[in-house]
Amino acid sequence: MKTAKTLAASLVSAAILSTFTTATFAADVPAGVKLAPVQELVRGNGTEPASLDPHKTEGVPESNVIRELLEGLVNQDGDGNLVPGVAESWETKDNKTFVFHLRKDAKWSNGDALTAHDFEYSFKRAVDPKTAAPYSWYLEMTTMVNAAEIIDGKKPASELAVTALDDYTLEIKLEQALPYFVAMTSHTTLKPVHRATVEKFGDKWTLPANFVGNGAYKVSEWVVNEKIVMARNDNYWDNDSTVINKVTYLPIENQVTDMNRFLAGEIDMTYEMANEHFKRMQKEQPDSLKVTPYLCSYYYGFNNKKAPFDDVRVRKALSYAIDRDAVAKFIVGKGELPAYNFAHQKVAGLQVDTPDYATWTQKERNAKAAALLAELGYGKDKPLEFTLLYNTSENHKKIAIAVASMWKKTLGVKVNLENQEWKTFLDNRRNGNYDVTRAGWCGDYNEASTFLSLMQSNNGNNDQFYNSPAYDGFMNGAMAAVDDAVRSDNYRQAEAQLAQDMPLAPIYHYVNARLVKPTVGGYPMNNAEDKIYTKDLYIIAK
Amino acid sequence: MIKFILKRMLEAIPTLLVLITITFFMMRFAPGSPFSGERSLPPEVLANIEAKYGLDKPVLEQYFSYLGSLAQGDLGPSFKYKDYTVNELVAQALPVSAKIGSIAFIFTVLMGVSVGTLAALKQNTWMDFSIMSTAMAGVVMPSFVLAPTLVYIFAIKLQWLPAGGWNGGQLQYIILPMLGMSLLYVASFARIMRGSMIEVLSSNFIRTAKAKGLPYRHIILRHALRPALLPVVSYMGPAFVGIITGSVVIETIFGLPGFGKLFVNGALNRDYSLVLGLTILIGSFTIIFNAIVDILYAFIDPKIRY
């Protein structure tokens, strides 16, 4: 928890400080480290990016690539702290109006000067219905003035309250005080795009022949489903600190292929690690295996509007009977953290009370669970029967089998397991065609609301159909709070409300495990959003 | 002969149209949409995206407008890969699949036929037994087991060949995926060839040829090979289709930027236009290839022609 608090403190202070300047960034090569003559990095990146246009993407693989190519107002360092990006400093008096001072040496890869007008154009493009940005709602979440109306087609994009006061001063106005707004600006959707290039080439502006960006790298080759190669951008303002000359992203979907290609020496960094190979890699590649916290939660959601899950006792009984330690340790087993709260415990600014059931032994939880179901008349003669829905994957299947057998053993519950292909699964979950469903949620930014807003009754992603005026009240309180302590207290109460109502059963909080060659220096071990900037890395001589 | 070929080609058009229609509607009726994800989009955002891709229009209207563009050779924009049109994606993937597919296919046929012939000629010797037991193992080994085994031996342990990638189709990148694709079919071809050759060798005209004192090589190459190839040729159609569809697995394992991977991702992402485009293309290939096999067959066996 200590780390989380430190992180929180630094994030919040970064956002609130009237003026904030500089910290260490870019590759920080320790004295005495001998660099390899060839500075090139190859990374596994999960899947083929849907686009390299920050206003057309929503996934992690896309964000990874775009982070190299485009730089927003702020970046993160290896510990997840905010560090200046294009903005050298920023200020706010009321957490509603933010003024960013941009560095004067920032340039586009074609040599054009990068100005506040570029950001104004880009943010307006992101909310413009014509752009059809899937993440346009992210700007709505920042509460930028008029964002919601523009997305809804009720106002023109030009009305967005983002103004270039001059070439190097950008002003952004929000509807609500949002102290963590600056942290939110490191998101992919808020990266700038080069207006002339976008207007000239339309959808094709991201192709290597046309691409103009402002990041440390620029696209030099792109073969769909094979690779994206990026070369150093000599016009990047901090190019002198960049060590790695070339970075290649490979869209390798199969985790075993990813691992094999690492073992064959073809890639330097995998995307993630298959659970079933983790223990072997721990033994065979201890120097390469890196495990870091990752802001995602794994949980089982109950269909709160469907009987018998509309009864809190059923939800509590099922939640209590899940042996989280066993799931985290023996089934996923990469160092995942057993979870009793929804928001990831490493999220900034979150201080939760440990719920009562977290302090009980599993035996006590099982006894309590059995008693709750007995109250409702469920037992050996009349077993509770339902379907557990999950999307097709080995990992989800193993967890589902384990949890179903825990339920069967301790509660005599009869569970039918049903796996569905991803999109079919999403469709059914969204429409409430399920009893209990597997779910996962990852934070868009490092602040509790990225998780907790999900359970608000009006949230489009509240697939559990949880509707609690008390919870909504705490969340509205948190949003309206000007004081950090008040906001934090509201989050604490919101989490307590979840533990009391149990609309979902938290199971574990993620870690990110991947293989990284020991020759890769500067790998961030404490960035919970897994934001890795190749410009901060370097290759050590063998 | 030309009439025969033309007739086969014309027959393909209605078949393709049926294929397009079925695929089009099956995709539309599959649950989920190209734009559904872990995070559901607010309705107004979704409406903006659907309007951009014309999905807000009635399905029938979408169908006819698709056929209209198709007639002009336009396969439409990809719904998933937003920086590309389907034509561009196909243009990138086609050479990869064509190269690996044709090399694998040629290798399969040549290997299968020669190994099968060898086994037939050395019938019931140790050579026959070892070839046939290897072939049997090849037939039962699925490519998703075979390919990782090849990777483990040749890429990870011996480090002779790369574990994946394409790099413009250099030879060392082709060998393992080609073996992964073809070994199963080499085995099948070998078994078919062996059986058919043994049968031909015991027929009367071969006995006559032997009695006339013709050289053995001459008998095999001039008289026995052609009739013995007939069942092999008829198996070429299904084998070709099998290699093409099997490329889905191989391309995923080796990370090759070909059709197979595009097709699977297209279906999983509900990328309507991409799946349709690829279905049309693969469908056309299958039809054309089956036609070629029929023509070949007609060439080898005059009975078919008349």
# chains A, B, ... in the order shown; residues from 1 in each chain; ligands from 1
>>> residues_around(residues="Thr21 in chain B", least_positions_apart="5", cutoff="10 Å", atoms="only C-alpha atoms", output="list of chain:residue names")
B:Leu16, B:Met26, B:Tyr63, B:Leu67, B:Leu276
>>> residues_around(residues="Pro355 in chain A", least_positions_apart="3", cutoff="10 Å", atoms="only C-alpha atoms", output="PyMOL selection string")
chain A and resi 340-341+352+358-360+495-500
>>> closest_atom_pairs(of="chain B", to="chain A", cutoff="7 Å", atoms="only C-alpha atoms", output="CSV")
residue,atom,partner,partner_atom,distance
B:Pro31,CA,A:Thr424,CA,5.1
B:Gly32,CA,A:Lys423,CA,5.0
B:Arg39,CA,A:Asn461,CA,6.1
B:Ser40,CA,A:Asn461,CA,5.8
B:Leu41,CA,A:Pro134,CA,6.9
B:Pro42,CA,A:Gly460,CA,6.6
B:Glu44,CA,A:Asp152,CA,5.5
B:Val45,CA,A:Pro134,CA,6.5
B:Asn48,CA,A:Ala132,CA,5.2
B:Ile49,CA,A:Ala132,CA,4.8
B:Lys80,CA,A:Ala50,CA,5.5
B:Tyr81,CA,A:Ala50,CA,4.4
B:Lys82,CA,A:Ser51,CA,5.5
B:Asp83,CA,A:Asp203,CA,5.5
B:Ala155,CA,A:Ala264,CA,5.8
B:Ile156,CA,A:Ala264,CA,4.7
B:Gln159,CA,A:Ala264,CA,6.6
B:Ala163,CA,A:Arg261,CA,5.5
B:Gly164,CA,A:Arg261,CA,6.8
B:Gly165,CA,A:Glu226,CA,6.8
B:Ile253,CA,A:Thr257,CA,6.0
B:Gly255,CA,A:Ile252,CA,6.3
B:Leu256,CA,A:Glu226,CA,6.2
B:Pro257,CA,A:Asn225,CA,4.7
>>> closest_residue(among="B:Ala224, B:Ala239, B:Ile292, B:Val59", to="Ala209 in chain B", atoms="only C-alpha atoms")
B:Ala224
>>> closest_residue(among="A:Glu171, A:Asp166, A:Asp112, A:Glu284", to="Trp237 in chain A", atoms="only C-alpha atoms")
A:Asp112
>>> select_by_dssp(residues="range 245-280 of chain A", states="strand (DSSP E)", output="short mmCIF file (atom, residue, chain, number, x, y, z; two decimals) with N, CA and C atoms, in the first residue's frame")
data_model
loop_
_atom_site.label_atom_id
_atom_site.label_comp_id
_atom_site.auth_asym_id
_atom_site.auth_seq_id
_atom_site.Cartn_x
_atom_site.Cartn_y
_atom_site.Cartn_z
N LYS A 246 16.41 1.92 -33.31
CA LYS A 246 15.36 1.29 -34.11
C LYS A 246 14.55 0.37 -33.21
N VAL A 247 13.24 0.43 -33.32
CA VAL A 247 12.40 -0.47 -32.54
C VAL A 247 11.38 -1.13 -33.46
N THR A 248 11.21 -2.45 -33.28
CA THR A 248 10.29 -3.21 -34.13
C THR A 248 9.23 -3.86 -33.25
N TYR A 249 7.97 -3.68 -33.62
CA TYR A 249 6.86 -4.30 -32.90
C TYR A 249 6.31 -5.46 -33.73
N LEU A 250 6.19 -6.62 -33.10
CA LEU A 250 5.64 -7.78 -33.82
C LEU A 250 4.28 -8.15 -33.24
#
>>> residues_around(residues="Val520 in chain A", least_positions_apart="2", cutoff="7 Å", atoms="only C-alpha atoms", output="short mmCIF file (atom, residue, chain, number, x, y, z; two decimals) with all heavy atoms, in the first residue's frame")
data_model
loop_
_atom_site.label_atom_id
_atom_site.label_comp_id
_atom_site.auth_asym_id
_atom_site.auth_seq_id
_atom_site.Cartn_x
_atom_site.Cartn_y
_atom_site.Cartn_z
N VAL A 516 12.07 -10.38 -20.67
CA VAL A 516 12.83 -9.24 -21.16
C VAL A 516 14.30 -9.63 -21.11
O VAL A 516 14.78 -10.06 -20.06
CB VAL A 516 12.60 -7.99 -20.27
CG1 VAL A 516 13.37 -6.80 -20.83
CG2 VAL A 516 11.14 -7.66 -20.15
N LYS A 517 14.99 -9.51 -22.22
CA LYS A 517 16.41 -9.89 -22.21
C LYS A 517 17.16 -9.07 -21.18
O LYS A 517 16.94 -7.86 -21.07
CB LYS A 517 17.01 -9.63 -23.60
CG LYS A 517 16.82 -10.78 -24.55
CD LYS A 517 17.68 -10.57 -25.78
CE LYS A 517 17.24 -11.53 -26.86
NZ LYS A 517 17.68 -11.07 -28.18
N PRO A 518 18.08 -9.71 -20.45
CA PRO A 518 18.84 -8.96 -19.45
C PRO A 518 19.66 -7.82 -20.05
O PRO A 518 20.06 -6.91 -19.35
CB PRO A 518 19.77 -10.02 -18.85
CG PRO A 518 19.15 -11.33 -19.20
CD PRO A 518 18.41 -11.13 -20.48
N GLY A 522 16.97 -0.16 -18.34
CA GLY A 522 15.98 0.89 -18.11
C GLY A 522 14.55 0.39 -18.09
O GLY A 522 13.61 1.18 -18.11
N TYR A 523 14.36 -0.95 -18.03
CA TYR A 523 12.99 -1.49 -18.03
C TYR A 523 12.25 -1.04 -16.77
O TYR A 523 12.73 -1.23 -15.66
CB TYR A 523 13.03 -3.02 -18.10
CG TYR A 523 11.66 -3.64 -18.18
CD1 TYR A 523 10.97 -3.65 -19.38
CD2 TYR A 523 11.06 -4.18 -17.06
CE1 TYR A 523 9.70 -4.20 -19.45
CE2 TYR A 523 9.78 -4.74 -17.13
CZ TYR A 523 9.11 -4.73 -18.34
OH TYR A 523 7.85 -5.26 -18.41
N LEU A 537 14.81 3.39 -22.81
CA LEU A 537 15.54 2.12 -22.66
C LEU A 537 16.89 2.19 -23.39
O LEU A 537 17.14 3.10 -24.18
CB LEU A 537 14.71 0.97 -23.25
CG LEU A 537 13.27 0.82 -22.75
CD1 LEU A 537 12.61 -0.35 -23.46
CD2 LEU A 537 13.23 0.61 -21.25
N TYR A 538 17.73 1.19 -23.12
CA TYR A 538 19.02 1.12 -23.82
C TYR A 538 19.45 -0.34 -23.83
O TYR A 538 19.00 -1.15 -23.01
CB TYR A 538 20.07 1.99 -23.13
CG TYR A 538 20.13 1.81 -21.62
CD1 TYR A 538 21.00 0.87 -21.05
CD2 TYR A 538 19.30 2.54 -20.78
CE1 TYR A 538 21.05 0.69 -19.68
CE2 TYR A 538 19.33 2.35 -19.39
CZ TYR A 538 20.21 1.42 -18.85
OH TYR A 538 20.23 1.23 -17.50
N ILE A 539 20.30 -0.70 -24.77
CA ILE A 539 20.78 -2.09 -24.86
C ILE A 539 22.20 -2.14 -24.31
O ILE A 539 23.09 -1.41 -24.77
CB ILE A 539 20.77 -2.59 -26.33
CG1 ILE A 539 19.41 -2.31 -26.99
CG2 ILE A 539 21.12 -4.08 -26.40
CD1 ILE A 539 18.26 -3.11 -26.49
N ILE A 540 22.38 -3.03 -23.33
CA ILE A 540 23.68 -3.16 -22.67
C ILE A 540 24.55 -4.15 -23.45
O ILE A 540 24.05 -5.17 -23.92
CB ILE A 540 23.49 -3.67 -21.22
CG1 ILE A 540 22.53 -2.74 -20.46
CG2 ILE A 540 24.82 -3.78 -20.48
CD1 ILE A 540 21.95 -3.33 -19.20
#
>>> residues_around(residues="Phe309 in chain A", least_positions_apart="4", cutoff="12 Å", atoms="only C-alpha atoms", output="list in words")
Gly301, Phe302, Asn303, Asn304, Lys305, Arg313, Val314, Arg315, Lys316, Ala317, Leu318, Ser319, Leu373, Leu376, Leu384, Glu385, Phe386, Thr387, Tyr434, Asp435, Val436, Thr437, Gln464, Phe465, Tyr466, Asp501, Met502, Pro503 and Leu504 of chain A
>>> atom_distance(atom1="CA of Asp240 in chain A", atom2="CA of Ala26 in chain A")
9.2 Å
>>> residues_around(residues="Asp271 in chain B", least_positions_apart="4", cutoff="7 Å", atoms="only C-alpha atoms", output="ChimeraX atom specification")
/B:34,78-80,266-267,275
>>> residues_around(residues="Ser188 in chain B", least_positions_apart="5", cutoff="12 Å", atoms="only C-alpha atoms", output="PyMOL selection string")
chain B and resi 108-109+111-113+115-116+131-141+182-183+193-195+231-232+235-236+238-239+242
>>> closest_residue(among="B:Lys3, B:Ile220, B:Gly246, B:Val233", to="Leu118 in chain B", atoms="only C-alpha atoms")
B:Ile220
>>> closest_residue(among="B:Leu60, B:Ile280, B:Ala298, B:Leu150", to="Thr15 in chain B", atoms="only C-alpha atoms")
B:Ile280
>>> decode(residues="range 122-135 of chain A", atoms="all heavy atoms", output="PDB file, in the first residue's frame")
ATOM      1  N   SER A 122      -6.189  18.819 -32.612  1.00  0.00           N
ATOM      2  CA  SER A 122      -6.275  17.376 -32.356  1.00  0.00           C
ATOM      3  C   SER A 122      -7.404  17.037 -31.394  1.00  0.00           C
ATOM      4  O   SER A 122      -8.143  16.074 -31.613  1.00  0.00           O
ATOM      5  CB  SER A 122      -4.951  16.874 -31.777  1.00  0.00           C
ATOM      6  OG  SER A 122      -3.915  17.187 -32.659  1.00  0.00           O
ATOM      7  N   PHE A 123      -7.538  17.806 -30.325  1.00  0.00           N
ATOM      8  CA  PHE A 123      -8.595  17.501 -29.354  1.00  0.00           C
ATOM      9  C   PHE A 123      -9.969  17.700 -29.993  1.00  0.00           C
ATOM     10  O   PHE A 123     -10.902  16.941 -29.758  1.00  0.00           O
ATOM     11  CB  PHE A 123      -8.461  18.376 -28.101  1.00  0.00           C
ATOM     12  CG  PHE A 123      -7.241  18.051 -27.253  1.00  0.00           C
ATOM     13  CD1 PHE A 123      -6.291  17.130 -27.679  1.00  0.00           C
ATOM     14  CD2 PHE A 123      -7.047  18.661 -26.016  1.00  0.00           C
ATOM     15  CE1 PHE A 123      -5.174  16.826 -26.911  1.00  0.00           C
ATOM     16  CE2 PHE A 123      -5.933  18.359 -25.232  1.00  0.00           C
ATOM     17  CZ  PHE A 123      -4.994  17.449 -25.687  1.00  0.00           C
ATOM     18  N   LYS A 124     -10.064  18.728 -30.820  1.00  0.00           N
ATOM     19  CA  LYS A 124     -11.350  18.974 -31.493  1.00  0.00           C
ATOM     20  C   LYS A 124     -11.641  17.869 -32.509  1.00  0.00           C
ATOM     21  O   LYS A 124     -12.781  17.467 -32.695  1.00  0.00           O
ATOM     22  CB  LYS A 124     -11.341  20.349 -32.174  1.00  0.00           C
ATOM     23  CG  LYS A 124     -11.426  21.466 -31.139  1.00  0.00           C
ATOM     24  CD  LYS A 124     -11.372  22.843 -31.714  1.00  0.00           C
ATOM     25  CE  LYS A 124     -11.585  23.848 -30.572  1.00  0.00           C
ATOM     26  NZ  LYS A 124     -11.321  25.232 -30.983  1.00  0.00           N
ATOM     27  N   ARG A 125     -10.596  17.384 -33.132  1.00  0.00           N
ATOM     28  CA  ARG A 125     -10.768  16.276 -34.080  1.00  0.00           C
ATOM     29  C   ARG A 125     -11.252  15.028 -33.340  1.00  0.00           C
ATOM     30  O   ARG A 125     -12.093  14.277 -33.829  1.00  0.00           O
ATOM     31  CB  ARG A 125      -9.435  15.985 -34.770  1.00  0.00           C
ATOM     32  CG  ARG A 125      -9.478  14.814 -35.738  1.00  0.00           C
ATOM     33  CD  ARG A 125      -8.141  14.644 -36.447  1.00  0.00           C
ATOM     34  NE  ARG A 125      -8.169  13.597 -37.445  1.00  0.00           N
ATOM     35  CZ  ARG A 125      -7.640  12.381 -37.290  1.00  0.00           C
ATOM     36  NH1 ARG A 125      -7.053  12.067 -36.143  1.00  0.00           N
ATOM     37  NH2 ARG A 125      -7.714  11.495 -38.247  1.00  0.00           N
ATOM     38  N   ALA A 126     -10.725  14.810 -32.132  1.00  0.00           N
ATOM     39  CA  ALA A 126     -11.088  13.608 -31.373  1.00  0.00           C
ATOM     40  C   ALA A 126     -12.574  13.579 -30.998  1.00  0.00           C
ATOM     41  O   ALA A 126     -13.175  12.513 -30.934  1.00  0.00           O
ATOM     42  CB  ALA A 126     -10.228  13.491 -30.126  1.00  0.00           C
ATOM     43  N   VAL A 127     -13.164  14.751 -30.753  1.00  0.00           N
ATOM     44  CA  VAL A 127     -14.589  14.755 -30.371  1.00  0.00           C
ATOM     45  C   VAL A 127     -15.524  14.927 -31.559  1.00  0.00           C
ATOM     46  O   VAL A 127     -16.725  14.700 -31.442  1.00  0.00           O
ATOM     47  CB  VAL A 127     -14.932  15.865 -29.345  1.00  0.00           C
ATOM     48  CG1 VAL A 127     -14.430  15.501 -27.977  1.00  0.00           C
ATOM     49  CG2 VAL A 127     -14.414  17.216 -29.792  1.00  0.00           C
ATOM     50  N   ASP A 128     -14.991  15.327 -32.690  1.00  0.00           N
ATOM     51  CA  ASP A 128     -15.825  15.558 -33.868  1.00  0.00           C
ATOM     52  C   ASP A 128     -16.504  14.261 -34.314  1.00  0.00           C
ATOM     53  O   ASP A 128     -15.827  13.275 -34.574  1.00  0.00           O
ATOM     54  CB  ASP A 128     -14.929  16.093 -35.003  1.00  0.00           C
ATOM     55  CG  ASP A 128     -15.751  16.655 -36.160  1.00  0.00           C
ATOM     56  OD1 ASP A 128     -16.897  16.188 -36.332  1.00  0.00           O
ATOM     57  OD2 ASP A 128     -15.237  17.540 -36.858  1.00  0.00           O
ATOM     58  N   PRO A 129     -17.847  14.250 -34.407  1.00  0.00           N
ATOM     59  CA  PRO A 129     -18.519  13.007 -34.837  1.00  0.00           C
ATOM     60  C   PRO A 129     -18.012  12.509 -36.187  1.00  0.00           C
ATOM     61  O   PRO A 129     -18.026  11.307 -36.443  1.00  0.00           O
ATOM     62  CB  PRO A 129     -19.990  13.420 -34.936  1.00  0.00           C
ATOM     63  CG  PRO A 129     -20.121  14.602 -34.056  1.00  0.00           C
ATOM     64  CD  PRO A 129     -18.803  15.310 -34.079  1.00  0.00           C
ATOM     65  N   LYS A 130     -17.547  13.413 -37.030  1.00  0.00           N
ATOM     66  CA  LYS A 130     -17.046  12.991 -38.351  1.00  0.00           C
ATOM     67  C   LYS A 130     -15.825  12.079 -38.225  1.00  0.00           C
ATOM     68  O   LYS A 130     -15.595  11.215 -39.051  1.00  0.00           O
ATOM     69  CB  LYS A 130     -16.678  14.218 -39.194  1.00  0.00           C
ATOM     70  CG  LYS A 130     -17.887  14.935 -39.774  1.00  0.00           C
ATOM     71  CD  LYS A 130     -17.534  15.708 -41.037  1.00  0.00           C
ATOM     72  CE  LYS A 130     -16.704  16.938 -40.776  1.00  0.00           C
ATOM     73  NZ  LYS A 130     -17.345  18.118 -40.255  1.00  0.00           N
ATOM     74  N   THR A 131     -15.037  12.290 -37.174  1.00  0.00           N
ATOM     75  CA  THR A 131     -13.855  11.446 -36.969  1.00  0.00           C
ATOM     76  C   THR A 131     -14.279  10.054 -36.503  1.00  0.00           C
ATOM     77  O   THR A 131     -13.609   9.079 -36.762  1.00  0.00           O
ATOM     78  CB  THR A 131     -12.924  12.080 -35.904  1.00  0.00           C
ATOM     79  OG1 THR A 131     -12.736  13.438 -36.230  1.00  0.00           O
ATOM     80  CG2 THR A 131     -11.588  11.374 -35.820  1.00  0.00           C
ATOM     81  N   ALA A 132     -15.427   9.999 -35.828  1.00  0.00           N
ATOM     82  CA  ALA A 132     -15.952   8.732 -35.295  1.00  0.00           C
ATOM     83  C   ALA A 132     -14.917   8.023 -34.412  1.00  0.00           C
ATOM     84  O   ALA A 132     -14.657   6.838 -34.565  1.00  0.00           O
ATOM     85  CB  ALA A 132     -16.418   7.815 -36.420  1.00  0.00           C
ATOM     86  N   ALA A 133     -14.330   8.772 -33.495  1.00  0.00           N
ATOM     87  CA  ALA A 133     -13.324   8.192 -32.604  1.00  0.00           C
ATOM     88  C   ALA A 133     -13.989   7.292 -31.562  1.00  0.00           C
ATOM     89  O   ALA A 133     -14.869   7.749 -30.840  1.00  0.00           O
ATOM     90  CB  ALA A 133     -12.547   9.301 -31.902  1.00  0.00           C
ATOM     91  N   PRO A 134     -13.582   6.011 -31.466  1.00  0.00           N
ATOM     92  CA  PRO A 134     -14.219   5.130 -30.492  1.00  0.00           C
ATOM     93  C   PRO A 134     -13.967   5.585 -29.047  1.00  0.00           C
ATOM     94  O   PRO A 134     -14.744   5.277 -28.157  1.00  0.00           O
ATOM     95  CB  PRO A 134     -13.571   3.761 -30.757  1.00  0.00           C
ATOM     96  CG  PRO A 134     -12.375   4.020 -31.590  1.00  0.00           C
ATOM     97  CD  PRO A 134     -12.591   5.312 -32.294  1.00  0.00           C
ATOM     98  N   TYR A 135     -12.878   6.312 -28.826  1.00  0.00           N
ATOM     99  CA  TYR A 135     -12.575   6.759 -27.469  1.00  0.00           C
ATOM    100  C   TYR A 135     -12.965   8.218 -27.238  1.00  0.00           C
ATOM    101  O   TYR A 135     -12.484   8.836 -26.305  1.00  0.00           O
ATOM    102  CB  TYR A 135     -11.087   6.559 -27.163  1.00  0.00           C
ATOM    103  CG  TYR A 135     -10.848   5.515 -26.088  1.00  0.00           C
ATOM    104  CD1 TYR A 135     -11.190   4.190 -26.310  1.00  0.00           C
ATOM    105  CD2 TYR A 135     -10.288   5.844 -24.853  1.00  0.00           C
ATOM    106  CE1 TYR A 135     -10.980   3.232 -25.342  1.00  0.00           C
ATOM    107  CE2 TYR A 135     -10.076   4.876 -23.878  1.00  0.00           C
ATOM    108  CZ  TYR A 135     -10.420   3.574 -24.130  1.00  0.00           C
ATOM    109  OH  TYR A 135     -10.228   2.616 -23.166  1.00  0.00           O
TER     110      TYR A 135
END
